[in-house]
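Asks: The structure file work_22.txt (compact mmCIF, C-alpha atoms) is provided below.
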```txt
# COMPACT_ATOMS: atom_id res chain seq x y z
CA MET A 1 23.21 40.36 25.28
CA THR A 2 24.04 38.71 21.97
CA VAL A 3 21.50 36.98 19.77
CA GLU A 4 22.90 33.60 20.84
CA GLN A 5 22.43 34.52 24.54
CA ASP A 6 18.83 35.59 24.09
CA PRO A 7 16.66 32.65 25.27
CA ARG A 8 14.06 33.57 22.67
CA PHE A 9 16.59 32.67 19.96
CA GLY A 10 16.64 29.05 21.17
CA ASP A 11 12.85 28.93 21.23
CA LEU A 12 12.77 30.23 17.64
CA ILE A 13 15.10 27.47 16.45
CA PHE A 14 13.16 24.85 18.41
CA GLU A 15 9.88 25.80 16.74
CA HIS A 16 11.10 26.35 13.18
CA ILE A 17 13.61 23.57 12.66
CA PRO A 18 12.15 21.13 10.07
CA HIS A 19 12.81 18.05 12.20
CA GLY A 20 10.65 16.88 15.08
CA ILE A 21 12.10 17.59 18.54
CA PHE A 22 10.74 16.75 21.97
CA THR A 23 12.17 16.72 25.47
CA VAL A 24 11.33 14.48 28.42
CA ASP A 25 12.00 14.49 32.14
CA LYS A 26 13.99 11.78 33.92
CA PHE A 27 10.94 9.52 33.92
CA GLY A 28 10.28 9.73 30.19
CA ASN A 29 7.33 12.15 30.40
CA ILE A 30 7.19 14.72 27.59
CA THR A 31 7.99 18.29 28.65
CA ASP A 32 8.14 20.02 25.25
CA PHE A 33 7.07 19.23 21.68
CA ASN A 34 7.84 21.38 18.63
CA SER A 35 5.69 22.18 15.59
CA ALA A 36 7.49 19.73 13.29
CA ALA A 37 6.84 16.96 15.84
CA GLU A 38 3.14 17.85 15.72
CA ARG A 39 3.10 17.72 11.92
CA ILE A 40 4.97 14.41 11.67
CA THR A 41 3.10 12.54 14.41
CA GLY A 42 -0.36 14.10 14.13
CA TRP A 43 -0.40 14.87 17.87
CA ASP A 44 -1.00 18.37 19.23
CA ARG A 45 1.45 19.69 21.81
CA ASP A 46 -1.26 20.09 24.44
CA GLU A 47 -2.25 16.44 24.01
CA VAL A 48 1.20 15.03 24.76
CA ILE A 49 2.71 17.25 27.45
CA GLY A 50 3.06 15.25 30.66
CA LYS A 51 2.48 11.90 28.96
CA SER A 52 5.00 9.10 28.57
CA CYS A 53 6.72 9.26 25.19
CA ALA A 54 6.25 5.49 24.83
CA THR A 55 2.45 5.88 24.88
CA ILE A 56 2.61 8.61 22.22
CA PHE A 57 5.13 7.19 19.75
CA ARG A 58 4.39 3.47 20.25
CA SER A 59 7.71 2.68 18.57
CA ASP A 60 8.99 -0.81 17.87
CA HIS A 61 11.94 0.16 20.13
CA CYS A 62 10.01 1.68 23.04
CA GLU A 63 9.89 -1.40 25.25
CA ARG A 64 12.96 -3.40 24.29
CA ALA A 65 15.62 -0.90 23.19
CA CYS A 66 14.59 2.73 23.73
CA PHE A 67 17.44 4.94 22.52
CA LEU A 68 16.22 7.95 24.50
CA ARG A 69 15.99 5.95 27.74
CA HIS A 70 19.48 4.60 27.09
CA SER A 71 20.81 8.14 26.65
CA ILE A 72 19.20 9.24 29.92
CA GLU A 73 20.43 6.25 31.91
CA ILE A 74 23.92 5.85 30.44
CA GLY A 75 24.63 9.29 29.00
CA GLU A 76 25.44 7.79 25.59
CA LYS A 77 24.27 9.69 22.52
CA HIS A 78 22.62 8.00 19.54
CA ARG A 79 22.60 9.34 15.99
CA ASP A 80 20.39 8.49 13.00
CA GLU A 81 18.88 5.30 14.37
CA GLU A 82 15.99 4.04 12.21
CA VAL A 83 12.83 3.11 14.11
CA THR A 84 9.15 2.74 13.27
CA ILE A 85 6.66 4.88 15.18
CA THR A 86 2.88 4.86 15.10
CA ARG A 87 1.19 8.17 14.31
CA LYS A 88 -1.91 9.37 16.11
CA ASP A 89 -4.06 8.13 13.20
CA GLY A 90 -2.65 4.61 13.60
CA HIS A 91 -0.38 4.65 10.55
CA GLU A 92 3.16 3.41 10.99
CA MET A 93 6.03 5.65 9.88
CA LEU A 94 9.75 5.11 9.50
CA VAL A 95 11.81 7.84 11.18
CA SER A 96 15.45 8.48 11.98
CA VAL A 97 16.08 9.43 15.62
CA SER A 98 18.99 11.05 17.45
CA THR A 99 18.99 11.19 21.25
CA ALA A 100 21.00 12.74 24.08
CA ASP A 101 20.67 13.34 27.82
CA LEU A 102 19.83 16.83 29.18
CA ARG A 103 21.65 18.35 32.17
CA ASP A 104 21.34 21.66 34.00
CA ASP A 105 24.11 24.23 34.63
CA GLN A 106 25.35 22.18 37.58
CA GLY A 107 25.59 19.03 35.51
CA GLU A 108 22.58 17.40 37.15
CA LEU A 109 20.49 15.12 34.94
CA ILE A 110 17.09 16.64 34.17
CA GLY A 111 15.91 14.44 31.28
CA GLY A 112 16.58 13.83 27.61
CA VAL A 113 16.00 15.19 24.13
CA GLU A 114 15.17 13.41 20.89
CA MET A 115 15.22 14.73 17.35
CA PHE A 116 13.54 12.71 14.63
CA ARG A 117 12.95 13.12 10.90
CA ASP A 118 10.48 11.54 8.54
CA LEU A 119 12.00 8.85 6.31
CA SER A 120 8.88 8.27 4.20
CA VAL A 121 10.61 9.50 1.04
CA VAL A 122 13.57 7.23 1.67
CA GLN A 123 11.27 4.30 2.35
CA VAL A 124 9.32 4.84 -0.88
CA LEU A 125 12.52 5.06 -2.93
CA ARG A 126 13.94 1.96 -1.29
CA ARG A 127 10.75 0.08 -2.05
CA GLN A 128 10.77 1.16 -5.69
CA ILE A 129 14.39 0.15 -6.14
CA SER A 130 14.12 -3.24 -4.45
CA ASP A 131 10.46 -4.15 -5.18
CA ARG A 132 10.41 -5.76 -1.73
CA TYR A 133 6.75 -6.12 -0.88
CA THR A 134 5.50 -7.89 2.25
CA SER A 135 2.06 -8.69 3.65
CA ASP A 136 2.18 -5.30 5.40
CA ASP A 137 1.84 -3.72 1.95
CA ILE A 138 -1.59 -5.30 1.57
CA ILE A 139 -3.28 -2.29 3.15
CA SER A 140 -6.67 -3.12 4.61
CA LYS A 141 -8.68 -3.15 7.82
CA SER A 142 -11.57 -4.97 6.23
CA PRO A 143 -12.46 -8.44 7.49
CA ALA A 144 -12.98 -9.34 3.83
CA MET A 145 -9.21 -9.06 3.33
CA ASP A 146 -8.12 -10.97 6.43
CA GLY A 147 -8.19 -14.27 4.57
CA VAL A 148 -6.20 -12.85 1.67
CA ARG A 149 -3.40 -11.62 3.94
CA GLU A 150 -3.32 -14.83 5.96
CA LEU A 151 -3.37 -17.12 2.92
CA THR A 152 -0.68 -15.03 1.20
CA SER A 153 1.69 -15.56 4.12
CA LEU A 154 0.93 -19.29 4.25
CA VAL A 155 1.36 -20.12 0.56
CA ALA A 156 4.57 -18.08 0.36
CA LYS A 157 6.36 -20.81 2.30
CA SER A 158 5.23 -23.57 -0.07
CA LYS A 159 6.15 -24.48 -3.64
CA SER A 160 2.56 -24.75 -4.85
CA THR A 161 1.15 -23.03 -7.90
CA VAL A 162 -1.24 -20.26 -6.91
CA LEU A 163 -4.21 -18.84 -8.83
CA ILE A 164 -5.05 -15.27 -7.82
CA GLU A 165 -8.55 -14.15 -8.81
CA GLY A 166 -9.97 -10.67 -8.70
CA GLU A 167 -11.30 -7.83 -10.78
CA GLN A 168 -8.95 -5.50 -12.61
CA GLY A 169 -7.18 -3.14 -10.24
CA THR A 170 -7.68 -5.13 -7.05
CA GLY A 171 -3.94 -5.71 -6.55
CA LYS A 172 -3.30 -9.19 -7.93
CA GLU A 173 0.32 -8.42 -8.85
CA LEU A 174 0.95 -6.96 -5.39
CA VAL A 175 -0.21 -10.23 -3.84
CA ALA A 176 2.00 -12.18 -6.28
CA ARG A 177 5.07 -10.10 -5.46
CA THR A 178 4.33 -10.50 -1.76
CA ILE A 179 4.20 -14.28 -2.11
CA HIS A 180 7.54 -14.22 -3.94
CA ASN A 181 9.22 -11.91 -1.44
CA LEU A 182 8.07 -13.90 1.58
CA GLY A 183 9.16 -17.22 0.08
CA PRO A 184 12.46 -19.09 -0.29
CA ARG A 185 12.94 -17.78 -3.86
CA ARG A 186 13.02 -14.13 -2.79
CA GLU A 187 16.65 -13.62 -3.91
CA LYS A 188 15.89 -14.93 -7.39
CA PRO A 189 14.07 -13.12 -10.24
CA PHE A 190 10.40 -12.21 -10.24
CA VAL A 191 9.22 -12.01 -13.86
CA ALA A 192 5.74 -10.66 -14.62
CA VAL A 193 4.04 -11.41 -17.94
CA ASN A 194 0.78 -9.83 -19.10
CA CYS A 195 -0.66 -12.70 -21.12
CA GLY A 196 -3.49 -10.52 -22.38
CA ALA A 197 -1.00 -8.25 -24.13
CA LEU A 198 0.76 -11.09 -26.00
CA PRO A 199 -0.45 -11.74 -29.56
CA ASP A 200 -0.74 -15.44 -30.43
CA SER A 201 2.05 -15.11 -32.97
CA LEU A 202 4.51 -13.90 -30.31
CA ALA A 203 3.30 -15.67 -27.17
CA GLU A 204 5.39 -18.83 -27.62
CA SER A 205 8.67 -17.04 -28.34
CA GLU A 206 8.06 -14.54 -25.51
CA LEU A 207 7.36 -17.22 -22.94
CA PHE A 208 9.80 -19.93 -24.04
CA GLY A 209 12.37 -18.06 -26.15
CA TYR A 210 13.88 -19.23 -29.41
CA VAL A 211 17.14 -20.52 -30.84
CA LYS A 212 19.20 -19.08 -33.65
CA GLY A 213 17.65 -19.84 -37.03
CA ALA A 214 14.19 -20.59 -35.67
CA PHE A 215 12.83 -18.03 -38.12
CA THR A 216 14.18 -15.46 -40.57
CA ASP A 217 15.15 -12.74 -38.09
CA ALA A 218 16.40 -15.10 -35.39
CA HIS A 219 20.10 -14.25 -35.69
CA LYS A 220 20.95 -15.45 -32.17
CA ASP A 221 19.42 -17.34 -29.28
CA LYS A 222 16.95 -15.37 -27.16
CA PRO A 223 15.81 -16.58 -23.72
CA GLY A 224 12.11 -16.42 -22.94
CA ARG A 225 10.37 -15.31 -19.76
CA PHE A 226 10.55 -18.78 -18.20
CA ALA A 227 14.32 -18.89 -18.68
CA MET A 228 14.63 -15.35 -17.26
CA ALA A 229 12.74 -16.47 -14.15
CA GLU A 230 14.97 -19.51 -13.58
CA GLY A 231 15.19 -20.26 -9.86
CA GLY A 232 12.60 -17.60 -9.09
CA THR A 233 8.96 -16.88 -9.84
CA ILE A 234 7.02 -16.20 -13.03
CA PHE A 235 3.74 -14.33 -12.70
CA LEU A 236 1.27 -15.01 -15.51
CA ASP A 237 -1.19 -12.14 -15.31
CA GLU A 238 -4.52 -12.49 -17.15
CA VAL A 239 -3.78 -16.16 -17.80
CA GLY A 240 -7.37 -16.63 -18.98
CA GLU A 241 -6.53 -14.71 -22.15
CA ILE A 242 -4.06 -17.19 -23.64
CA SER A 243 -5.05 -19.16 -26.73
CA PRO A 244 -5.96 -22.88 -26.70
CA ALA A 245 -2.66 -23.71 -28.42
CA MET A 246 -0.64 -21.91 -25.72
CA GLN A 247 -2.75 -23.54 -23.02
CA VAL A 248 -1.42 -26.92 -24.19
CA LYS A 249 2.18 -25.71 -24.03
CA LEU A 250 1.70 -24.15 -20.61
CA LEU A 251 0.14 -27.38 -19.37
CA ARG A 252 3.31 -29.24 -20.38
CA VAL A 253 5.43 -26.84 -18.32
CA LEU A 254 3.25 -27.43 -15.28
CA GLN A 255 3.22 -31.21 -15.73
CA GLU A 256 6.78 -31.93 -16.85
CA ARG A 257 8.57 -28.86 -15.47
CA GLU A 258 10.25 -28.32 -18.82
CA PHE A 259 9.64 -26.30 -21.98
CA MET A 260 10.87 -26.26 -25.57
CA PRO A 261 12.32 -23.03 -26.99
CA LEU A 262 10.98 -22.21 -30.44
CA GLY A 263 13.07 -24.00 -33.11
CA SER A 264 14.82 -26.25 -30.59
CA VAL A 265 14.62 -30.03 -30.28
CA ILE A 266 16.13 -30.11 -26.80
CA PRO A 267 13.76 -29.50 -23.87
CA GLN A 268 14.91 -27.11 -21.17
CA LYS A 269 14.22 -27.64 -17.48
CA ALA A 270 12.09 -25.03 -15.72
CA ASP A 271 12.97 -24.50 -12.07
CA VAL A 272 10.31 -21.83 -11.70
CA ARG A 273 7.42 -21.24 -9.35
CA ILE A 274 4.27 -20.30 -11.27
CA LEU A 275 1.80 -17.74 -9.97
CA ALA A 276 -1.16 -16.98 -12.21
CA ALA A 277 -3.87 -14.34 -12.06
CA THR A 278 -7.13 -13.71 -13.84
CA ASN A 279 -10.10 -11.34 -13.74
CA ARG A 280 -12.28 -14.05 -15.28
CA ASP A 281 -14.17 -16.88 -13.62
CA LEU A 282 -11.99 -19.69 -14.97
CA ALA A 283 -14.33 -22.38 -13.67
CA SER A 284 -17.08 -20.91 -15.84
CA GLU A 285 -14.66 -20.57 -18.76
CA VAL A 286 -13.97 -24.31 -18.43
CA GLY A 287 -17.70 -24.98 -18.56
CA TYR A 288 -18.03 -22.90 -21.72
CA GLY A 289 -15.13 -24.76 -23.31
CA HIS A 290 -12.91 -21.66 -23.46
CA PHE A 291 -10.29 -22.92 -21.01
CA ARG A 292 -8.81 -26.38 -20.62
CA GLN A 293 -10.04 -28.21 -17.55
CA ASP A 294 -6.73 -29.98 -16.95
CA LEU A 295 -4.83 -26.70 -17.09
CA PHE A 296 -7.33 -25.12 -14.70
CA PHE A 297 -6.79 -27.92 -12.19
CA ARG A 298 -3.01 -27.52 -12.49
CA LEU A 299 -3.22 -23.77 -11.89
CA ASN A 300 -5.86 -23.98 -9.19
CA VAL A 301 -3.78 -25.73 -6.53
CA VAL A 302 -4.26 -22.82 -4.13
CA ARG A 303 -6.75 -20.09 -4.95
CA ILE A 304 -6.70 -16.55 -3.52
CA ASN A 305 -9.72 -14.39 -4.30
CA ILE A 306 -9.30 -10.65 -3.78
CA PRO A 307 -12.62 -8.90 -3.05
CA PRO A 308 -13.41 -5.70 -5.00
CA LEU A 309 -13.07 -2.35 -3.28
CA ARG A 310 -16.81 -1.66 -3.41
CA VAL A 311 -17.46 -4.41 -0.83
CA ARG A 312 -14.81 -3.06 1.54
CA LEU A 313 -15.36 0.69 1.39
CA GLU A 314 -14.04 0.99 4.94
CA ASP A 315 -10.59 0.60 3.35
CA VAL A 316 -11.02 3.75 1.24
CA PRO A 317 -9.82 6.24 3.93
CA LEU A 318 -6.85 4.02 4.74
CA LEU A 319 -5.85 3.56 1.10
CA ALA A 320 -6.45 7.22 0.25
CA ASP A 321 -4.12 8.29 3.05
CA HIS A 322 -1.54 5.72 1.95
CA PHE A 323 -1.56 7.14 -1.59
CA ARG A 324 -1.44 10.69 -0.21
CA ARG A 325 1.74 9.87 1.69
CA ARG A 326 3.19 8.10 -1.32
CA PHE A 327 2.58 11.01 -3.71
CA ASN A 328 3.81 13.49 -1.11
CA ALA A 329 7.08 11.56 -1.05
CA LEU A 330 7.35 11.14 -4.81
CA GLN A 331 6.31 14.67 -5.77
CA GLY A 332 7.77 16.61 -2.86
CA ARG A 333 4.34 17.96 -1.85
CA ARG A 334 2.93 18.69 1.60
CA ILE A 335 -0.69 17.65 1.17
CA THR A 336 -1.87 17.10 4.74
CA GLY A 337 -5.14 15.29 4.07
CA LEU A 338 -8.55 15.22 2.42
CA SER A 339 -11.50 17.38 3.39
CA GLU A 340 -14.61 15.70 4.79
CA ARG A 341 -16.50 16.45 1.58
CA ALA A 342 -13.74 14.87 -0.52
CA MET A 343 -13.65 11.77 1.68
CA SER A 344 -17.43 11.49 1.63
CA GLN A 345 -17.35 11.60 -2.15
CA LEU A 346 -14.74 8.85 -2.26
CA LEU A 347 -16.89 6.74 0.07
CA ASN A 348 -19.86 7.37 -2.22
CA TYR A 349 -18.16 5.93 -5.29
CA GLU A 350 -18.33 2.25 -6.28
CA TYR A 351 -14.89 1.85 -7.94
CA PRO A 352 -15.28 -0.27 -11.08
CA GLY A 353 -11.49 0.10 -11.37
CA ASN A 354 -10.93 -0.83 -7.72
CA VAL A 355 -7.76 0.17 -5.82
CA ARG A 356 -5.96 1.25 -8.99
CA GLU A 357 -8.80 3.67 -9.76
CA LEU A 358 -8.62 5.12 -6.24
CA GLU A 359 -4.87 5.59 -6.63
CA ASN A 360 -5.41 7.38 -9.95
CA ALA A 361 -8.06 9.60 -8.34
CA ILE A 362 -5.64 10.69 -5.62
CA GLU A 363 -2.90 11.30 -8.18
CA HIS A 364 -5.33 13.43 -10.22
CA ALA A 365 -6.14 15.41 -7.08
CA PHE A 366 -2.44 16.02 -6.48
CA VAL A 367 -2.12 17.51 -9.95
CA VAL A 368 -4.99 19.99 -9.59
CA CYS A 369 -4.88 20.68 -5.83
CA GLY A 370 -3.45 24.12 -5.13
CA LEU A 371 -3.82 24.02 -1.35
CA SER A 372 -2.61 21.73 1.41
CA VAL A 373 -5.90 19.82 1.65
CA ILE A 374 -7.56 17.89 -1.18
CA GLU A 375 -11.08 19.22 -1.70
CA ARG A 376 -14.02 17.50 -3.36
CA GLU A 377 -13.55 19.59 -6.49
CA ASP A 378 -10.00 18.24 -6.89
CA LEU A 379 -11.28 14.72 -7.56
CA PRO A 380 -11.70 13.42 -11.14
CA PRO A 381 -15.03 14.22 -12.87
CA HIS A 382 -16.14 10.58 -13.06
CA VAL A 383 -15.71 10.19 -9.29
CA LEU A 384 -17.89 13.28 -8.84
CA GLY A 385 -20.59 11.64 -10.94
CA GLU A 386 -20.07 13.91 -13.93
CA SER A 387 -20.09 12.76 -17.54
CA VAL A 388 -16.97 10.87 -18.56
CA SER A 389 -16.80 12.77 -21.84
CA SER A 390 -16.70 16.56 -21.75
CA VAL A 391 -18.23 16.64 -25.22
CA GLU A 392 -21.14 14.31 -24.44
CA ASP A 393 -24.45 15.50 -25.80
CA SER A 394 -26.16 17.38 -22.99
CA ARG A 395 -29.48 15.78 -24.01
CA HIS A 396 -28.16 12.37 -22.98
CA GLU A 397 -27.97 11.14 -19.42
CA PRO A 398 -24.47 10.61 -17.97
CA VAL A 399 -23.19 7.06 -18.13
CA ARG A 400 -23.74 6.49 -14.40
CA ARG A 401 -24.99 8.45 -11.42
CA VAL A 402 -23.56 8.10 -7.94
CA ARG A 403 -25.84 7.61 -4.96
CA PRO A 404 -26.84 10.69 -2.96
CA LEU A 405 -23.97 11.84 -0.78
CA GLN A 406 -25.99 11.69 2.44
CA GLU A 407 -27.08 8.10 1.78
CA ALA A 408 -23.52 6.97 1.16
CA GLU A 409 -22.30 8.73 4.29
CA VAL A 410 -24.97 7.07 6.43
CA ASP A 411 -24.13 3.66 4.94
CA ALA A 412 -20.41 4.13 5.60
CA ILE A 413 -21.00 5.22 9.21
CA ARG A 414 -23.41 2.36 9.95
CA ARG A 415 -21.00 -0.15 8.41
CA ALA A 416 -18.04 1.17 10.42
CA LEU A 417 -20.02 1.16 13.69
CA ALA A 418 -21.21 -2.38 13.07
CA GLN A 419 -17.69 -3.62 12.35
CA CYS A 420 -16.41 -1.89 15.50
CA ASN A 421 -19.23 -3.22 17.71
CA GLY A 422 -20.53 0.30 18.28
CA ASN A 423 -17.18 1.72 19.47
CA ARG A 424 -17.23 5.29 18.13
CA THR A 425 -13.50 5.86 18.67
CA HIS A 426 -12.56 2.84 16.55
CA ALA A 427 -15.24 3.61 13.96
CA ALA A 428 -13.93 7.17 13.58
CA LYS A 429 -10.41 5.84 12.99
CA ARG A 430 -11.74 3.40 10.41
CA LEU A 431 -13.52 6.24 8.59
CA GLY A 432 -10.52 8.58 8.79
CA ILE A 433 -12.38 11.30 10.74
CA SER A 434 -12.25 12.58 14.31
CA ARG A 435 -14.49 11.18 17.05
CA ASN A 436 -16.24 14.55 17.44
CA THR A 437 -16.94 14.71 13.71
CA LEU A 438 -18.39 11.21 13.82
CA TRP A 439 -20.62 12.19 16.75
CA ARG A 440 -21.92 15.26 14.89
CA LYS A 441 -22.69 13.18 11.80
CA MET A 442 -24.48 10.54 13.88
CA LYS A 443 -26.67 13.23 15.45
CA ARG A 444 -27.31 14.87 12.06
CA HIS A 445 -28.40 11.59 10.48
CA ASP A 446 -30.10 10.24 13.64
CA ILE A 447 -27.85 7.19 13.78
CA ARG A 448 -28.17 5.37 17.10
```
Translate this structure into structure tokens?
Replies:
Amino acid sequence: MTVEQDPRFGDLIFEHIPHGIFTVDKFGNITDFNSAAERITGWDRDEVIGKSCATIFRSDHCERACFLRHSIEIGEKHRDEEVTITRKDGHEMLVSVSTADLRDDQGELIGGVEMFRDLSVVQVLRRQISDRYTSDDIISKSPAMDGVRELTSLVAKSKSTVLIEGEQGTGKELVARTIHNLGPRREKPFVAVNCGALPDSLAESELFGYVKGAFTDAHKDKPGRFAMAEGGTIFLDEVGEISPAMQVKLLRVLQEREFMPLGSVIPQKADVRILAATNRDLASEVGYGHFRQDLFFRLNVVRINIPPLRVRLEDVPLLADHFRRRFNALQGRRITGLSERAMSQLLNYEYPGNVRELENAIEHAFVVCGLSVIEREDLPPHVLGESVSSVEDSRHEPVRRVRPLQEAEVDAIRRALAQCNGNRTHAAKRLGISRNTLWRKMKRHDIR
């Protein structure tokens, strides 16, 4: 018997090929499931054998255009079809599938086979190239974010100016890009401007451009950010930082829909949608006389307020896993998850830097993690409650102390159970842990 004739050779290939493979009978029930399929989907082989593949993969094609069912019924093969499946943990994943029917030695139909491969890397690269963000990119299960997602989709269809409020790192630019990409101007430019980084002396020329001869070094015309965003969207981040003089000029753009390049006497039309963002309370700034009231009213046509991460800690497991997948794709790593101690520590932290700080914490963990699971010790020192400065005088107290780990864990579990109406299965998913682990923790902490 040759190696190719040995049935064990086929089993070896089936188990060690890097792509997911599963087989089904004529009725679509799973009969075999390889190791790569387990890794990609999060399901164990013993959990899926005998079950309908549609109930396991929950693909967007399962009901209306199942490629595997088509191969079984018609005998037609499919290659590299892109579909979205839902993993065991509830996360959606883009995969490429190839399907074929299976027949015995007599040519009788016995079922079908599907091979699929993870396209997460491709999806990340596509997103980075195109900057195409949608409301699905606003990752949250918190009720506090439901209004943000809903309002984002609604205002995208309008022409109104939008003021996005929120602390630093909450994702204001993501919301702005989502509004642009869901709206009628999606094929036109999206130009982001950090107003807080523009010195007063350069703000006017950066925003409105200048003409040749406007000043000594102006050897040719230079378009400003408003001209670059023509037909599209301009995003004025940290708009509360601009000077009173620039506030007047910005007000004119909003009122007259035109601007004057520096050194020019001819106004230029501005066919631009304006989205603005701030981490300040502009209404209070108006009261203090730091921000023009008329400009505030012009900007505040529709207001979207993004809550800080510390009031929606139930999103931490979801966001942490999102960043884990993202850095796996970007760095070519195979980090499979976070340990319970690491996740508990992340739930114990209050995130003054919000989602951006959580992303940085996961990236830090990727740098120092030597295993396939991120441990508590892989997290940044400040998240662990250690001193921010390694040279801080030991006689001084650290800048801030985190709450006891047990207290934070109890709070997170109680919050998740309350939001899921006591359903332990849903609460476990929200917390990013198994149902058995949740049950053990509830018994340990006497949570009823």
Asks: Near Gly337 (chain A), within 10 Å and counting only C-alpha atoms, which residues show up once chain neighbours fewer than 6 positions away are dropped, as number ranges by chain?
Replies: A: 320-321, 324-325, 343, 372-375, 432
Asks: Mind listing whatever residues come within 12 Å of the point (8.4, -15.0, -25.4)? Use all atoms listed in the file, file coordinates, and give them as a PyMOL selection string.
Replies: chain A and resi 191-195+197-211+221-228+246+259-262
Asks: Keeping only C-alpha atoms, take the residues you just selected and write them out as a PDB file, in the coordinates of the input.
Replies:
```pdb
ATOM      1  CA  VAL A 191       9.220 -12.010 -13.860  1.00  0.00           C
ATOM      2  CA  ALA A 192       5.740 -10.660 -14.620  1.00  0.00           C
ATOM      3  CA  VAL A 193       4.040 -11.410 -17.940  1.00  0.00           C
ATOM      4  CA  ASN A 194       0.780  -9.830 -19.100  1.00  0.00           C
ATOM      5  CA  CYS A 195      -0.660 -12.700 -21.120  1.00  0.00           C
ATOM      6  CA  ALA A 197      -1.000  -8.250 -24.130  1.00  0.00           C
ATOM      7  CA  LEU A 198       0.760 -11.090 -26.000  1.00  0.00           C
ATOM      8  CA  PRO A 199      -0.450 -11.740 -29.560  1.00  0.00           C
ATOM      9  CA  ASP A 200      -0.740 -15.440 -30.430  1.00  0.00           C
ATOM     10  CA  SER A 201       2.050 -15.110 -32.970  1.00  0.00           C
ATOM     11  CA  LEU A 202       4.510 -13.900 -30.310  1.00  0.00           C
ATOM     12  CA  ALA A 203       3.300 -15.670 -27.170  1.00  0.00           C
ATOM     13  CA  GLU A 204       5.390 -18.830 -27.620  1.00  0.00           C
ATOM     14  CA  SER A 205       8.670 -17.040 -28.340  1.00  0.00           C
ATOM     15  CA  GLU A 206       8.060 -14.540 -25.510  1.00  0.00           C
ATOM     16  CA  LEU A 207       7.360 -17.220 -22.940  1.00  0.00           C
ATOM     17  CA  PHE A 208       9.800 -19.930 -24.040  1.00  0.00           C
ATOM     18  CA  GLY A 209      12.370 -18.060 -26.150  1.00  0.00           C
ATOM     19  CA  TYR A 210      13.880 -19.230 -29.410  1.00  0.00           C
ATOM     20  CA  VAL A 211      17.140 -20.520 -30.840  1.00  0.00           C
ATOM     21  CA  ASP A 221      19.420 -17.340 -29.280  1.00  0.00           C
ATOM     22  CA  LYS A 222      16.950 -15.370 -27.160  1.00  0.00           C
ATOM     23  CA  PRO A 223      15.810 -16.580 -23.720  1.00  0.00           C
ATOM     24  CA  GLY A 224      12.110 -16.420 -22.940  1.00  0.00           C
ATOM     25  CA  ARG A 225      10.370 -15.310 -19.760  1.00  0.00           C
ATOM     26  CA  PHE A 226      10.550 -18.780 -18.200  1.00  0.00           C
ATOM     27  CA  ALA A 227      14.320 -18.890 -18.680  1.00  0.00           C
ATOM     28  CA  MET A 228      14.630 -15.350 -17.260  1.00  0.00           C
ATOM     29  CA  MET A 246      -0.640 -21.910 -25.720  1.00  0.00           C
ATOM     30  CA  PHE A 259       9.640 -26.300 -21.980  1.00  0.00           C
ATOM     31  CA  MET A 260      10.870 -26.260 -25.570  1.00  0.00           C
ATOM     32  CA  PRO A 261      12.320 -23.030 -26.990  1.00  0.00           C
ATOM     33  CA  LEU A 262      10.980 -22.210 -30.440  1.00  0.00           C
TER      34      LEU A 262
END
```
Asks: Quote the spacing between CA of Gly169 (chain A) and CA of Pro308 (chain A) in Å to one decimal place.
Replies: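 Interatomic distance here is 8.5 Å.
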Asks: Quote the spacing between CA of Phe323 (chain A) and CA of Arg185 (chain A) in Å to one decimal place.
Replies: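 The value is 28.9 Å.
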Asks: Measuring between only C-alpha atoms, which one of A:Leu109, A:Asn423, A:Val410, A:Gly231 shows the shortest distance to Asp446 (chain A)?
Replies: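 Between A:Leu109, A:Asn423, A:Val410, A:Gly231, the residue approaching Asp446 (chain A) most closely is A:Val410.
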Asks: Looking at A:Asn34, A:Ser142, A:Thr99, A:Asn300, which one is nearest to Leu319 (chain A), with distances taken over only C-alpha atoms?
Replies: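 That would be A:Ser142, the residue with the smallest distance to Leu319 (chain A).
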Asks: In Å, rounded to a single decimal, give me how far CA of Thr55 (chain A) is from CA of His78 (chain A).
Replies: 21.0 Å
Asks: So that I can check the surroundings of Asp271 (chain A), please list as a list in words every protein, DNA and RNA residue that reaches within 8 Å of it, counting only C-alpha atoms and ignoring chain neighbours fewer than 5 positions away.
Replies: Glu230, Gly231, Gly232 and Arg257 of chain A
Asks: Can those selected residues be exported to a file as an mmCIF file, in the frame of the given file so that it contains C-alpha atoms?
Replies:
```cif
data_model
loop_
_atom_site.group_PDB
_atom_site.id
_atom_site.type_symbol
_atom_site.label_atom_id
_atom_site.label_comp_id
_atom_site.auth_asym_id
_atom_site.auth_seq_id
_atom_site.Cartn_x
_atom_site.Cartn_y
_atom_site.Cartn_z
ATOM 1 C CA GLU A 230 14.970 -19.510 -13.580
ATOM 2 C CA GLY A 231 15.190 -20.260 -9.860
ATOM 3 C CA GLY A 232 12.600 -17.600 -9.090
ATOM 4 C CA ARG A 257 8.570 -28.860 -15.470
#
```
Asks: Which of these, A:Ile306, A:Met115, A:Leu251, A:Ala54, has the shortest distance to Ile17 (chain A) once you count all atoms listed in the file?
Replies: A:Met115
Asks: If you count only C-alpha atoms, which residues fall within 12 Å of Ile74 (chain A), apart from same-chain ones fewer than 6 positions away, as a list in words?
Replies: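 Close residues of Ile74 (chain A): Cys66, Phe67, Leu68, Thr99, Ala100, Asp101, Leu102, Leu109, Gly111 and Gly112 of chain A.
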Asks: With distances taken over all atoms listed in the file, which of A:Arg440, A:Pro317, A:Val95, A:Gly166 is nearest to Ser140 (chain A)?
Replies: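 Selected residue with least distance to Ser140 (chain A): A:Pro317.
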